[in-house]
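*Asks:* So I've got this file, work39.cif, and it contains mmCIF, C-alpha atoms:
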```cif
data_start
loop_
_atom_site.label_atom_id
_atom_site.label_comp_id
_atom_site.auth_asym_id
_atom_site.auth_seq_id
_atom_site.Cartn_x
_atom_site.Cartn_y
_atom_site.Cartn_z
CA MET T 1 -65.96 12.83 14.15
CA ALA T 2 -65.07 16.32 15.29
CA SER T 3 -66.38 15.80 18.79
CA ALA T 4 -64.64 12.47 19.12
CA VAL T 5 -61.35 13.92 18.01
CA SER T 6 -61.59 16.92 20.27
CA SER T 7 -61.88 14.66 23.28
CA THR T 8 -58.36 13.43 22.63
CA THR T 9 -56.86 16.90 22.55
CA PRO T 10 -54.53 17.49 25.52
CA PRO T 11 -54.82 20.58 27.66
CA PRO T 12 -53.09 23.63 26.19
CA ALA T 13 -50.33 23.51 28.79
CA GLN T 14 -49.55 19.87 28.09
CA ARG T 15 -47.12 18.78 25.40
CA ALA T 16 -48.91 16.81 22.66
CA GLY T 17 -46.88 13.62 22.20
CA TYR T 18 -47.06 10.33 20.39
CA ARG T 19 -49.36 8.81 23.03
CA HIS T 20 -52.02 11.45 22.38
CA LEU T 21 -51.54 11.17 18.64
CA MET T 22 -52.12 7.42 18.66
CA ARG T 23 -55.41 7.95 20.53
CA THR T 24 -56.84 9.80 17.53
CA PRO T 25 -59.97 7.85 16.49
CA GLY T 26 -59.42 5.74 13.38
CA ALA T 27 -55.65 6.35 13.24
CA TRP T 28 -54.61 2.70 13.37
CA THR T 29 -56.98 1.76 10.56
CA PHE T 30 -54.90 3.72 8.05
CA LEU T 31 -51.49 3.58 9.73
CA LEU T 32 -50.92 -0.17 9.46
CA PRO T 33 -51.95 -0.67 5.82
CA GLY T 34 -50.31 2.65 4.99
CA PHE T 35 -46.99 1.40 6.34
CA ALA T 36 -47.17 -1.71 4.17
CA ALA T 37 -48.20 0.30 1.11
CA ARG T 38 -45.35 2.83 1.39
CA GLN T 39 -42.67 0.22 2.06
CA PRO T 40 -41.96 -0.35 -1.66
CA PHE T 41 -41.10 3.35 -2.13
CA ALA T 42 -37.71 2.72 -0.51
CA MET T 43 -37.18 -0.54 -2.43
CA LEU T 44 -37.81 0.53 -6.01
CA THR T 45 -34.63 2.42 -6.94
CA ILE T 46 -32.17 0.08 -5.25
CA SER T 47 -34.01 -2.98 -6.64
CA ILE T 48 -33.73 -1.62 -10.19
CA VAL T 49 -30.05 -0.74 -9.72
CA LEU T 50 -29.18 -4.19 -8.36
CA LEU T 51 -31.14 -6.05 -11.04
CA LEU T 52 -29.78 -4.07 -13.98
CA ARG T 53 -26.26 -4.00 -12.57
CA HIS T 54 -26.49 -7.82 -12.68
CA THR T 55 -27.92 -8.02 -16.20
CA THR T 56 -25.94 -5.17 -17.84
CA GLY T 57 -22.78 -5.01 -15.75
CA SER T 58 -22.95 -1.20 -15.64
CA TYR T 59 -23.87 1.14 -12.82
CA GLY T 60 -24.36 3.87 -15.38
CA LEU T 61 -27.04 2.00 -17.36
CA ALA T 62 -28.69 0.78 -14.17
CA GLY T 63 -28.72 4.29 -12.78
CA ALA T 64 -30.13 5.72 -16.00
CA VAL T 65 -33.14 3.38 -15.96
CA ALA T 66 -33.69 4.00 -12.24
CA ALA T 67 -33.49 7.73 -12.93
CA VAL T 68 -36.20 7.50 -15.59
CA THR T 69 -38.40 5.82 -12.99
CA GLY T 70 -37.73 8.63 -10.52
CA VAL T 71 -38.33 11.41 -13.04
CA SER T 72 -41.57 9.78 -14.14
CA MET T 73 -42.76 9.54 -10.55
CA ALA T 74 -41.78 13.15 -9.85
CA LEU T 75 -43.76 14.38 -12.86
CA PHE T 76 -46.88 12.33 -12.23
CA ALA T 77 -47.01 12.38 -8.41
CA PRO T 78 -48.45 15.92 -8.11
CA GLN T 79 -51.13 15.07 -10.64
CA SER T 80 -52.00 12.01 -8.60
CA GLY T 81 -52.25 14.19 -5.49
CA LYS T 82 -54.47 16.70 -7.25
CA LEU T 83 -56.79 13.94 -8.47
CA ALA T 84 -56.92 12.48 -4.95
CA ASP T 85 -57.93 15.90 -3.57
CA ARG T 86 -60.72 16.19 -6.13
CA HIS T 87 -62.02 12.62 -6.50
CA GLY T 88 -60.89 10.77 -3.37
CA GLN T 89 -57.89 8.66 -2.51
CA SER T 90 -59.34 5.24 -3.33
CA ALA T 91 -60.42 6.33 -6.81
CA VAL T 92 -56.78 7.14 -7.61
CA LEU T 93 -55.00 4.47 -5.57
CA VAL T 94 -56.72 1.29 -6.79
CA PRO T 95 -56.00 1.65 -10.52
CA GLY T 96 -52.58 3.05 -9.67
CA VAL T 97 -51.35 0.01 -7.73
CA LEU T 98 -52.68 -2.36 -10.38
CA LEU T 99 -50.80 -0.47 -13.08
CA HIS T 100 -47.63 -0.32 -11.00
CA ALA T 101 -47.58 -4.07 -10.35
CA ALA T 102 -48.02 -4.79 -14.05
CA ALA T 103 -45.36 -2.26 -15.11
CA ALA T 104 -42.82 -3.53 -12.56
CA ALA T 105 -43.40 -7.10 -13.73
CA LEU T 106 -42.81 -6.01 -17.33
CA LEU T 107 -39.59 -4.20 -16.39
CA THR T 108 -38.36 -7.29 -14.54
CA ALA T 109 -39.10 -9.55 -17.49
CA LEU T 110 -37.35 -7.22 -19.94
CA ALA T 111 -34.28 -6.96 -17.73
CA LEU T 112 -33.96 -10.74 -17.40
CA ALA T 113 -34.40 -11.09 -21.16
CA HIS T 114 -31.50 -8.62 -21.71
CA ALA T 115 -33.74 -6.26 -23.62
CA PRO T 116 -32.21 -3.14 -25.20
CA LEU T 117 -31.92 0.04 -23.20
CA TRP T 118 -34.79 1.78 -24.99
CA ALA T 119 -37.17 -1.03 -23.97
CA LEU T 120 -36.07 -0.82 -20.34
CA ILE T 121 -36.56 2.94 -20.34
CA ALA T 122 -40.01 2.55 -21.92
CA ALA T 123 -41.04 0.16 -19.15
CA ALA T 124 -39.52 2.39 -16.48
CA VAL T 125 -41.86 5.29 -17.36
CA PRO T 126 -45.16 3.65 -16.25
CA THR T 127 -43.35 1.95 -13.37
CA GLY T 128 -42.42 5.33 -11.90
CA ALA T 129 -45.60 7.16 -12.92
CA SER T 130 -47.77 4.66 -11.07
CA VAL T 131 -45.87 4.62 -7.76
CA PRO T 132 -48.63 5.11 -5.15
CA GLN T 133 -48.32 8.32 -3.16
CA VAL T 134 -49.29 6.73 0.13
CA GLY T 135 -47.15 8.97 2.34
CA PRO T 136 -48.89 12.19 1.25
CA MET T 137 -52.25 10.44 1.50
CA VAL T 138 -51.55 9.39 5.09
CA ARG T 139 -50.48 12.94 5.95
CA ALA T 140 -53.73 14.24 4.47
CA ARG T 141 -55.67 11.74 6.60
CA TRP T 142 -53.91 12.98 9.72
CA ALA T 143 -54.92 16.54 8.86
CA ALA T 144 -58.53 15.42 8.35
CA ALA T 145 -58.58 13.34 11.54
CA LEU T 146 -57.23 16.26 13.56
CA GLY T 147 -59.97 18.59 12.37
CA ASP T 148 -58.37 20.30 9.36
CA GLY T 149 -59.90 18.41 6.49
CA ALA T 150 -63.60 18.67 6.99
CA PRO T 151 -65.63 20.59 4.48
CA GLY T 152 -65.74 24.21 5.43
CA GLY T 153 -62.72 23.94 7.71
CA SER T 154 -60.45 26.91 7.38
CA GLY T 155 -57.48 25.68 9.33
CA PRO T 156 -56.28 23.59 12.24
CA ARG T 157 -57.82 24.35 15.57
CA SER T 158 -55.41 25.77 18.10
CA GLY T 159 -55.61 22.69 20.29
CA HIS T 160 -54.61 20.50 17.38
CA ARG T 161 -51.56 22.45 16.24
CA PRO T 162 -49.15 20.53 18.51
CA LEU T 163 -50.69 17.24 17.35
CA LEU T 164 -50.26 18.24 13.71
CA ALA T 165 -46.56 18.86 14.34
CA THR T 166 -46.30 15.53 16.16
CA ALA T 167 -48.07 13.82 13.26
CA ALA T 168 -45.56 15.33 10.83
CA ALA T 169 -42.71 13.95 12.94
CA PHE T 170 -44.39 10.57 13.24
CA GLU T 171 -44.80 10.37 9.47
CA SER T 172 -41.15 11.22 8.96
CA VAL T 173 -40.21 8.44 11.37
CA THR T 174 -42.45 6.05 9.44
CA ASP T 175 -40.91 7.13 6.15
CA GLU T 176 -37.43 6.60 7.48
CA LEU T 177 -38.33 3.24 8.96
CA THR T 178 -39.19 2.19 5.44
CA PHE T 179 -35.73 3.37 4.38
CA VAL T 180 -34.26 1.20 7.13
CA ILE T 181 -36.22 -1.89 6.14
CA GLY T 182 -36.70 -1.39 2.39
CA PRO T 183 -33.10 -1.18 1.10
CA VAL T 184 -31.94 -3.94 3.45
CA LEU T 185 -34.83 -6.18 2.36
CA ALA T 186 -34.29 -5.42 -1.34
CA THR T 187 -30.53 -5.95 -1.10
CA GLY T 188 -30.92 -9.17 0.86
CA LEU T 189 -33.43 -10.61 -1.59
CA SER T 190 -31.44 -9.52 -4.65
CA THR T 191 -28.11 -10.86 -3.40
CA ALA T 192 -29.22 -13.98 -1.51
CA VAL T 193 -32.24 -15.17 -3.50
CA HIS T 194 -32.25 -13.80 -7.06
CA PRO T 195 -31.33 -10.44 -8.62
CA ALA T 196 -34.97 -9.92 -9.66
CA SER T 197 -36.52 -10.84 -6.31
CA GLY T 198 -36.18 -7.33 -4.86
CA LEU T 199 -38.23 -5.77 -7.65
CA ILE T 200 -40.78 -8.59 -7.54
CA ALA T 201 -41.23 -8.12 -3.79
CA GLU T 202 -41.63 -4.36 -4.33
CA ALA T 203 -44.46 -4.92 -6.82
CA ALA T 204 -46.21 -7.45 -4.58
CA LEU T 205 -46.06 -5.20 -1.50
CA THR T 206 -47.34 -2.26 -3.53
CA LEU T 207 -50.32 -4.23 -4.76
CA VAL T 208 -51.35 -5.80 -1.46
CA GLY T 209 -50.59 -2.82 0.77
CA GLY T 210 -52.14 -0.33 -1.63
CA LEU T 211 -55.42 -2.23 -1.92
CA LEU T 212 -55.66 -2.64 1.85
CA PHE T 213 -55.03 1.08 2.37
CA ALA T 214 -57.57 2.06 -0.29
CA ALA T 215 -60.19 -0.06 1.47
CA GLN T 216 -60.01 2.20 4.56
CA ARG T 217 -62.52 4.72 3.21
CA ARG T 218 -63.85 5.96 6.56
CA THR T 219 -60.63 7.80 7.41
CA ALA T 220 -60.12 9.34 3.95
CA PRO T 221 -60.31 13.15 3.80
CA PRO T 222 -63.92 14.11 2.97
CA LEU T 223 -64.57 15.89 -0.30
CA SER T 224 -65.91 19.39 0.01
CA ALA T 225 -68.45 20.70 -2.47
CA ALA T 226 -65.74 22.59 -4.31
CA ARG T 227 -63.53 19.53 -4.58
CA ALA T 228 -66.36 17.21 -5.56
CA ASP T 229 -67.52 19.54 -8.35
CA THR T 230 -65.21 18.70 -11.25
CA ARG T 231 -66.14 21.96 -12.96
CA GLU T 232 -64.31 23.94 -10.29
CA ARG T 233 -60.55 23.82 -10.60
CA PRO T 234 -58.80 25.19 -7.51
CA ALA T 235 -55.39 26.76 -7.89
CA SER T 236 -52.44 24.43 -7.80
CA ALA T 237 -50.55 24.11 -4.54
CA LEU T 238 -47.46 25.07 -6.52
CA SER T 239 -48.89 28.59 -6.86
CA VAL T 240 -47.89 29.14 -3.20
CA PRO T 241 -44.33 30.60 -3.26
CA GLY T 242 -43.28 28.71 -0.13
CA VAL T 243 -44.19 25.39 -1.71
CA ARG T 244 -41.97 26.16 -4.70
CA VAL T 245 -39.04 26.94 -2.41
CA LEU T 246 -39.55 23.75 -0.41
CA ALA T 247 -39.89 21.69 -3.59
CA VAL T 248 -36.49 22.93 -4.77
CA ALA T 249 -34.99 22.36 -1.33
CA PHE T 250 -36.28 18.80 -1.22
CA LEU T 251 -34.31 18.04 -4.39
CA GLY T 252 -31.29 18.16 -2.08
CA VAL T 253 -32.75 15.48 0.18
CA GLY T 254 -33.38 13.33 -2.89
CA SER T 255 -29.78 13.80 -3.98
CA VAL T 256 -28.64 12.32 -0.68
CA PHE T 257 -30.94 9.32 -0.95
CA GLY T 258 -30.03 8.58 -4.57
CA GLY T 259 -26.35 9.38 -4.29
CA MET T 260 -25.91 7.29 -1.17
CA GLN T 261 -27.66 4.28 -2.69
CA VAL T 262 -25.33 4.12 -5.69
CA ALA T 263 -22.18 5.27 -3.89
CA LEU T 264 -22.62 2.78 -1.04
CA THR T 265 -23.28 -0.03 -3.54
CA ALA T 266 -20.08 0.83 -5.41
CA PHE T 267 -18.18 1.20 -2.12
CA ALA T 268 -19.27 -2.26 -0.96
CA GLN T 269 -18.31 -3.76 -4.34
CA GLU T 270 -14.87 -2.15 -4.21
CA HIS T 271 -14.30 -3.68 -0.77
CA GLY T 272 -15.46 -7.13 -1.91
CA GLN T 273 -18.50 -7.20 0.39
CA PRO T 274 -21.66 -6.60 -1.70
CA ALA T 275 -23.99 -7.41 1.20
CA LEU T 276 -22.39 -4.55 3.19
CA ASN T 277 -24.36 -2.12 1.05
CA GLY T 278 -27.64 -2.89 2.80
CA VAL T 279 -26.05 -2.56 6.23
CA LEU T 280 -24.44 0.80 5.49
CA TYR T 281 -27.60 2.22 3.97
CA GLY T 282 -29.60 0.83 6.87
CA VAL T 283 -27.34 2.68 9.33
CA PHE T 284 -27.84 5.88 7.34
CA ALA T 285 -31.62 5.43 7.38
CA ALA T 286 -31.56 4.48 11.07
CA GLY T 287 -30.00 7.85 11.89
CA ASN T 288 -32.78 9.50 9.94
CA MET T 289 -35.43 7.55 11.86
CA LEU T 290 -33.82 8.25 15.24
CA ALA T 291 -33.73 11.97 14.55
CA GLY T 292 -37.38 11.82 13.52
CA VAL T 293 -38.37 10.25 16.82
CA VAL T 294 -36.50 12.90 18.77
CA CYS T 295 -37.92 15.77 16.70
CA GLY T 296 -41.45 14.64 17.43
CA ALA T 297 -40.80 14.49 21.16
CA ILE T 298 -39.27 17.97 21.51
CA ALA T 299 -41.26 21.12 22.20
CA TRP T 300 -39.34 23.36 19.82
CA ARG T 301 -38.72 27.01 20.75
CA THR T 302 -37.01 27.89 17.47
CA SER T 303 -38.95 28.71 14.32
CA PRO T 304 -39.43 26.09 11.59
CA ARG T 305 -37.50 28.25 9.14
CA ARG T 306 -34.46 28.36 11.41
CA ARG T 307 -34.62 24.61 11.96
CA LEU T 308 -34.72 24.07 8.20
CA LEU T 309 -31.69 26.28 7.64
CA THR T 310 -29.74 24.59 10.43
CA SER T 311 -30.58 21.10 9.17
CA TYR T 312 -29.44 21.83 5.63
CA ALA T 313 -26.24 23.51 6.79
CA ALA T 314 -25.34 20.50 8.96
CA LEU T 315 -26.27 18.04 6.18
CA THR T 316 -24.06 19.86 3.68
CA LEU T 317 -21.16 19.81 6.13
CA ILE T 318 -21.45 16.05 6.69
CA CYS T 319 -21.79 15.31 2.97
CA SER T 320 -18.59 17.25 2.28
CA THR T 321 -16.59 14.52 4.08
CA LEU T 322 -18.06 11.34 2.57
CA TRP T 323 -15.85 11.18 -0.52
CA ALA T 324 -12.64 10.97 1.54
CA VAL T 325 -13.62 8.04 3.81
CA PRO T 326 -11.46 4.95 3.14
CA ALA T 327 -13.09 2.27 5.34
CA PRO T 328 -16.60 0.95 6.11
CA LEU T 329 -16.63 1.77 9.84
CA PRO T 330 -16.04 5.54 9.62
CA LEU T 331 -18.33 5.67 6.58
CA GLY T 332 -21.08 4.09 8.65
CA GLY T 333 -20.55 6.72 11.34
CA LEU T 334 -20.75 9.59 8.87
CA GLY T 335 -23.78 7.99 7.23
CA LEU T 336 -25.47 7.92 10.63
CA LEU T 337 -24.74 11.64 11.12
CA ALA T 338 -26.09 12.43 7.65
CA GLY T 339 -29.29 10.59 8.49
CA LEU T 340 -29.61 12.55 11.73
CA CYS T 341 -29.64 15.77 9.68
CA ILE T 342 -32.19 14.68 7.06
CA ALA T 343 -35.17 13.98 9.33
CA PRO T 344 -35.37 17.52 10.80
CA ALA T 345 -35.33 18.98 7.28
CA LEU T 346 -38.11 16.67 6.10
CA ILE T 347 -40.27 17.14 9.19
CA THR T 348 -39.91 20.91 9.10
CA GLY T 349 -40.72 21.05 5.40
CA TYR T 350 -43.93 19.06 5.78
CA THR T 351 -44.89 21.09 8.84
CA LEU T 352 -44.45 24.31 6.87
CA VAL T 353 -46.69 22.97 4.11
CA GLU T 354 -49.50 22.46 6.62
CA ALA T 355 -49.21 26.15 7.53
CA LEU T 356 -48.78 27.46 3.99
CA VAL T 357 -51.36 25.50 1.99
CA PRO T 358 -55.15 25.24 2.45
CA ALA T 359 -56.62 21.82 3.18
CA THR T 360 -58.23 21.63 -0.26
CA SER T 361 -54.80 21.34 -1.91
CA ARG T 362 -52.76 19.65 0.80
CA THR T 363 -52.40 16.18 -0.73
CA GLU T 364 -51.14 17.80 -3.92
CA ALA T 365 -48.68 19.93 -1.94
CA PHE T 366 -47.33 16.90 -0.12
CA THR T 367 -46.87 15.08 -3.43
CA TRP T 368 -44.90 18.02 -4.84
CA LEU T 369 -42.41 17.54 -2.02
CA THR T 370 -42.40 13.76 -2.42
CA GLY T 371 -41.98 14.18 -6.16
CA SER T 372 -39.08 16.56 -5.61
CA VAL T 373 -37.34 13.97 -3.45
CA ALA T 374 -37.88 11.41 -6.22
CA LEU T 375 -36.60 13.79 -8.89
CA GLY T 376 -33.51 14.62 -6.87
CA GLN T 377 -32.99 10.94 -6.23
CA ALA T 378 -33.28 10.18 -9.95
CA ALA T 379 -30.76 12.84 -10.93
CA ALA T 380 -28.40 11.69 -8.20
CA VAL T 381 -28.66 8.03 -9.21
CA THR T 382 -27.76 8.94 -12.79
CA ALA T 383 -24.85 11.19 -11.87
CA ALA T 384 -23.51 8.88 -9.17
CA GLY T 385 -23.76 5.88 -11.50
CA GLN T 386 -21.70 7.61 -14.17
CA LEU T 387 -19.12 8.76 -11.63
CA ALA T 388 -18.92 5.32 -10.02
CA ASP T 389 -18.32 3.68 -13.41
CA GLY T 390 -15.66 6.19 -14.41
CA PHE T 391 -13.92 7.14 -11.18
CA GLY T 392 -15.11 4.87 -8.37
CA ALA T 393 -17.18 5.20 -5.21
CA SER T 394 -15.33 8.25 -3.88
CA ALA T 395 -16.42 10.32 -6.87
CA ALA T 396 -19.99 9.15 -6.51
CA PHE T 397 -20.08 10.53 -2.95
CA THR T 398 -19.66 14.06 -4.32
CA VAL T 399 -23.24 13.97 -5.67
CA PRO T 400 -24.93 14.37 -2.24
CA LEU T 401 -22.55 17.24 -1.49
CA VAL T 402 -23.47 19.18 -4.64
CA GLY T 403 -27.18 18.53 -4.15
CA THR T 404 -27.32 19.63 -0.53
CA ALA T 405 -25.13 22.69 -1.16
CA LEU T 406 -27.47 23.90 -3.90
CA ALA T 407 -30.50 23.24 -1.69
CA LEU T 408 -28.91 25.18 1.18
CA LEU T 409 -28.23 28.10 -1.15
CA THR T 410 -31.88 28.09 -2.25
CA VAL T 411 -33.25 28.02 1.31
CA VAL T 412 -30.91 30.79 2.46
CA SER T 413 -31.68 33.02 -0.54
CA LEU T 414 -35.47 32.57 -0.43
CA ARG T 415 -36.00 32.05 3.30
CA ALA T 416 -38.52 34.91 3.52
CA ARG T 417 -41.00 32.91 1.44
CA ILE T 418 -41.15 29.95 3.82
CA ALA T 419 -41.95 31.85 7.02
CA PRO T 420 -45.62 31.32 7.98
CA ARG T 421 -47.17 34.41 9.52
CA GLY T 422 -49.97 33.07 11.71
CA VAL T 423 -52.62 32.01 9.24
CA SER T 424 -50.84 31.53 5.92
CA THR T 425 -51.36 33.73 2.91
CA ALA T 426 -52.92 30.84 1.03
CA ILE T 427 -55.49 30.20 3.76
CA ARG T 428 -56.28 33.91 4.07
CA HIS T 429 -56.82 34.07 0.32
CA GLU T 430 -59.15 31.08 0.55
CA ARG T 431 -61.16 32.81 3.31
CA ARG T 432 -61.36 36.09 1.38
CA THR T 433 -62.57 34.24 -1.70
CA ALA T 434 -65.25 32.46 0.31
CA ASP T 435 -66.34 35.72 1.99
CA THR T 436 -66.56 37.49 -1.36
CA HIS T 437 -68.56 34.63 -2.81
CA ASN T 438 -70.97 34.62 0.15
CA GLY T 439 -71.34 38.41 -0.04
CA SER T 440 -72.19 38.16 -3.72
CA LEU T 441 -74.86 35.59 -3.01
CA GLN T 442 -76.37 37.76 -0.28
CA THR T 443 -76.43 40.76 -2.62
CA ALA T 444 -78.06 38.71 -5.37
CA ASP T 445 -80.75 37.41 -2.98
CA ALA T 446 -81.51 40.86 -1.58
CA PRO T 447 -84.91 42.31 -2.68
#
```
Hey, can you dump this file as structure tokens for me?
*Replies:*
Amino acid sequence: MASAVSSTTPPPAQRAGYRHLMRTPGAWTFLLPGFAARQPFAMLTISIVLLLRHTTGSYGLAGAVAAVTGVSMALFAPQSGKLADRHGQSAVLVPGVLLHAAAAALLTALALAHAPLWALIAAAVPTGASVPQVGPMVRARWAAALGDGAPGGSGPRSGHRPLLATAAAFESVTDELTFVIGPVLATGLSTAVHPASGLIAEAALTLVGGLLFAAQRRTAPPLSAARADTRERPASALSVPGVRVLAVAFLGVGSVFGGMQVALTAFAQEHGQPALNGVLYGVFAAGNMLAGVVCGAIAWRTSPRRRLLTSYAALTLICSTLWAVPAPLPLGGLGLLAGLCIAPALITGYTLVEALVPATSRTEAFTWLTGSVALGQAAAVTAAGQLADGFGASAAFTVPLVGTALALLTVVSLRARIAPRGVSTAIRHERRTADTHNGSLQTADAP
């Protein structure tokens, strides 16, 4: 595979763009099913909120159950990533999607039966824990396809570094496209067909898309000897300081996603246009997707750390104005601007992970960031739901502001830990460990 991939690498002087990325051998075999499999990620929270808002009449209760789902996913996602690194993606994905479909069906049935809150929360735990981590798995496949995931590989080849950055941007665009389609699809189904149809569609897409993605075994990252040997337990990706900083920072992104979902739903209800919710959130996600496309097409001269700081500062500024908007049109414009700020933060964060974390722990590292987004989203859904019930949509819009401000403070205070210095500390440590191990073997074999 290495020789085939290297033939697609553009000359050093040429900007690696989407056209070169799409010529990577085997890319389309995991991109198409991966897109279908990750689509439900953007549907789950809003589907639960809309269903339980219908059956309970309370944003607060609906947000609480959705939050339990998000917390459960945030806690279990890194473990899923670690297992995928050690045992392979299909071994984790197949039972996961089966469990998720069953748990989502149970949650739907309990909601329609007006079950007590404790029963809904109990069903929400496995529903969130089993959400397939397809996005991180696709990112790990890109790294493997571009020469950074083969056994014995110590890092991306210089010719592939631009393509890795382009792949990170492409994945952000794909993620945001799901946030354009998913909430609109879930809202349309829940309001026009049946309040439970959004969650049912989410479970069905998870099952079908996940099984199709798991079947693409040829493009899965190969297991090295260390990863295949279950007796060896490599250090967690969270042991890298930069990953911890990024995980905290990504809570702020999650607060925007969760807070906007509930606040926009309440805003549309207050204006007597429930279907407007999907349109407004779609505009917000469209800005995110547009920024992702642009970020992947630009040959950046600024450092990733500076781009991350700038993105969070701009996002915090935009979120500080949302609570005061009185009409749908200006709210849509500000939502578009907020979306334009999120994509650069996400892309830069994932790009930094590729420089900070060795390939043997990369899926786990990606899932820590994805889990942080889910955790921030869960906390924001809960807080925004309570504020919307008690004070209205304007109060709910303060949740994204608080979340992004705290994330900005974290990134500014700990910015030294997220600056890659050539080959990252984690990769250098991995090389030193391997060299020491090889030297010990040579000493032991010496006469």
*Asks:* Selection in question (the file shown): the PyMOL selection byres ((chain T and resi 333) around 12). Which residues does it include, as a ChimeraX atom specification?
*Replies:* /T:279-287,318,321-322,325,327-332,334-340
*Asks:* Let's have the selection written as a short mmCIF file (atom, residue, chain, number, x, y, z; two decimals), keeping the file's coordinate frame, with C-alpha atoms.
*Replies:*
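What ended up in selection.cif:
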```cif
data_model
loop_
_atom_site.label_atom_id
_atom_site.label_comp_id
_atom_site.auth_asym_id
_atom_site.auth_seq_id
_atom_site.Cartn_x
_atom_site.Cartn_y
_atom_site.Cartn_z
CA VAL T 279 -26.05 -2.56 6.23
CA LEU T 280 -24.44 0.80 5.49
CA TYR T 281 -27.60 2.22 3.97
CA GLY T 282 -29.60 0.83 6.87
CA VAL T 283 -27.34 2.68 9.33
CA PHE T 284 -27.84 5.88 7.34
CA ALA T 285 -31.62 5.43 7.38
CA ALA T 286 -31.56 4.48 11.07
CA GLY T 287 -30.00 7.85 11.89
CA ILE T 318 -21.45 16.05 6.69
CA THR T 321 -16.59 14.52 4.08
CA LEU T 322 -18.06 11.34 2.57
CA VAL T 325 -13.62 8.04 3.81
CA ALA T 327 -13.09 2.27 5.34
CA PRO T 328 -16.60 0.95 6.11
CA LEU T 329 -16.63 1.77 9.84
CA PRO T 330 -16.04 5.54 9.62
CA LEU T 331 -18.33 5.67 6.58
CA GLY T 332 -21.08 4.09 8.65
CA LEU T 334 -20.75 9.59 8.87
CA GLY T 335 -23.78 7.99 7.23
CA LEU T 336 -25.47 7.92 10.63
CA LEU T 337 -24.74 11.64 11.12
CA ALA T 338 -26.09 12.43 7.65
CA GLY T 339 -29.29 10.59 8.49
CA LEU T 340 -29.61 12.55 11.73
#
```
*Asks:* Going by the chain IDs and residue numbers used in this file, which residues fall under the PyMOL selection byres ((chain T and resi 33) around 12)? Write them as a PDB file with C-alpha atoms, in the coordinates of the input.
*Replies:*
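Writing the result to selection01.pdb gives the following:
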```pdb
ATOM      1  CA  ALA T  27     -55.650   6.350  13.240  1.00  0.00           C
ATOM      2  CA  TRP T  28     -54.610   2.700  13.370  1.00  0.00           C
ATOM      3  CA  THR T  29     -56.980   1.760  10.560  1.00  0.00           C
ATOM      4  CA  PHE T  30     -54.900   3.720   8.050  1.00  0.00           C
ATOM      5  CA  LEU T  31     -51.490   3.580   9.730  1.00  0.00           C
ATOM      6  CA  LEU T  32     -50.920  -0.170   9.460  1.00  0.00           C
ATOM      7  CA  GLY T  34     -50.310   2.650   4.990  1.00  0.00           C
ATOM      8  CA  PHE T  35     -46.990   1.400   6.340  1.00  0.00           C
ATOM      9  CA  ALA T  36     -47.170  -1.710   4.170  1.00  0.00           C
ATOM     10  CA  ALA T  37     -48.200   0.300   1.110  1.00  0.00           C
ATOM     11  CA  ARG T  38     -45.350   2.830   1.390  1.00  0.00           C
ATOM     12  CA  GLN T  39     -42.670   0.220   2.060  1.00  0.00           C
ATOM     13  CA  VAL T 134     -49.290   6.730   0.130  1.00  0.00           C
ATOM     14  CA  GLY T 135     -47.150   8.970   2.340  1.00  0.00           C
ATOM     15  CA  MET T 137     -52.250  10.440   1.500  1.00  0.00           C
ATOM     16  CA  VAL T 138     -51.550   9.390   5.090  1.00  0.00           C
ATOM     17  CA  LEU T 205     -46.060  -5.200  -1.500  1.00  0.00           C
ATOM     18  CA  THR T 206     -47.340  -2.260  -3.530  1.00  0.00           C
ATOM     19  CA  LEU T 207     -50.320  -4.230  -4.760  1.00  0.00           C
ATOM     20  CA  VAL T 208     -51.350  -5.800  -1.460  1.00  0.00           C
ATOM     21  CA  GLY T 209     -50.590  -2.820   0.770  1.00  0.00           C
ATOM     22  CA  GLY T 210     -52.140  -0.330  -1.630  1.00  0.00           C
ATOM     23  CA  LEU T 211     -55.420  -2.230  -1.920  1.00  0.00           C
ATOM     24  CA  LEU T 212     -55.660  -2.640   1.850  1.00  0.00           C
ATOM     25  CA  PHE T 213     -55.030   1.080   2.370  1.00  0.00           C
ATOM     26  CA  ALA T 214     -57.570   2.060  -0.290  1.00  0.00           C
ATOM     27  CA  ALA T 215     -60.190  -0.060   1.470  1.00  0.00           C
ATOM     28  CA  GLN T 216     -60.010   2.200   4.560  1.00  0.00           C
TER      29      GLN T 216
END
```
*Asks:* As a list in words, please: the residues near His114 in chain T (cut-off 12 Å, only C-alpha atoms, same-chain neighbours under 5 positions excluded).
*Replies:*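 My reading of the contact set: Leu51, Leu52, Arg53, His54, Thr55, Thr56, Gly57, Leu107, Thr108, Ala109, Ala119 and Leu120 of chain T.
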*Asks:* I need the residues from that last selection saved to file as a PDB file, in the frame of the given file (with C-alpha atoms), if you can.
*Replies:*
```
ATOM      1  CA  LEU T  51     -31.140  -6.050 -11.040  1.00  0.00           C
ATOM      2  CA  LEU T  52     -29.780  -4.070 -13.980  1.00  0.00           C
ATOM      3  CA  ARG T  53     -26.260  -4.000 -12.570  1.00  0.00           C
ATOM      4  CA  HIS T  54     -26.490  -7.820 -12.680  1.00  0.00           C
ATOM      5  CA  THR T  55     -27.920  -8.020 -16.200  1.00  0.00           C
ATOM      6  CA  THR T  56     -25.940  -5.170 -17.840  1.00  0.00           C
ATOM      7  CA  GLY T  57     -22.780  -5.010 -15.750  1.00  0.00           C
ATOM      8  CA  LEU T 107     -39.590  -4.200 -16.390  1.00  0.00           C
ATOM      9  CA  THR T 108     -38.360  -7.290 -14.540  1.00  0.00           C
ATOM     10  CA  ALA T 109     -39.100  -9.550 -17.490  1.00  0.00           C
ATOM     11  CA  ALA T 119     -37.170  -1.030 -23.970  1.00  0.00           C
ATOM     12  CA  LEU T 120     -36.070  -0.820 -20.340  1.00  0.00           C
TER      13      LEU T 120
END
```
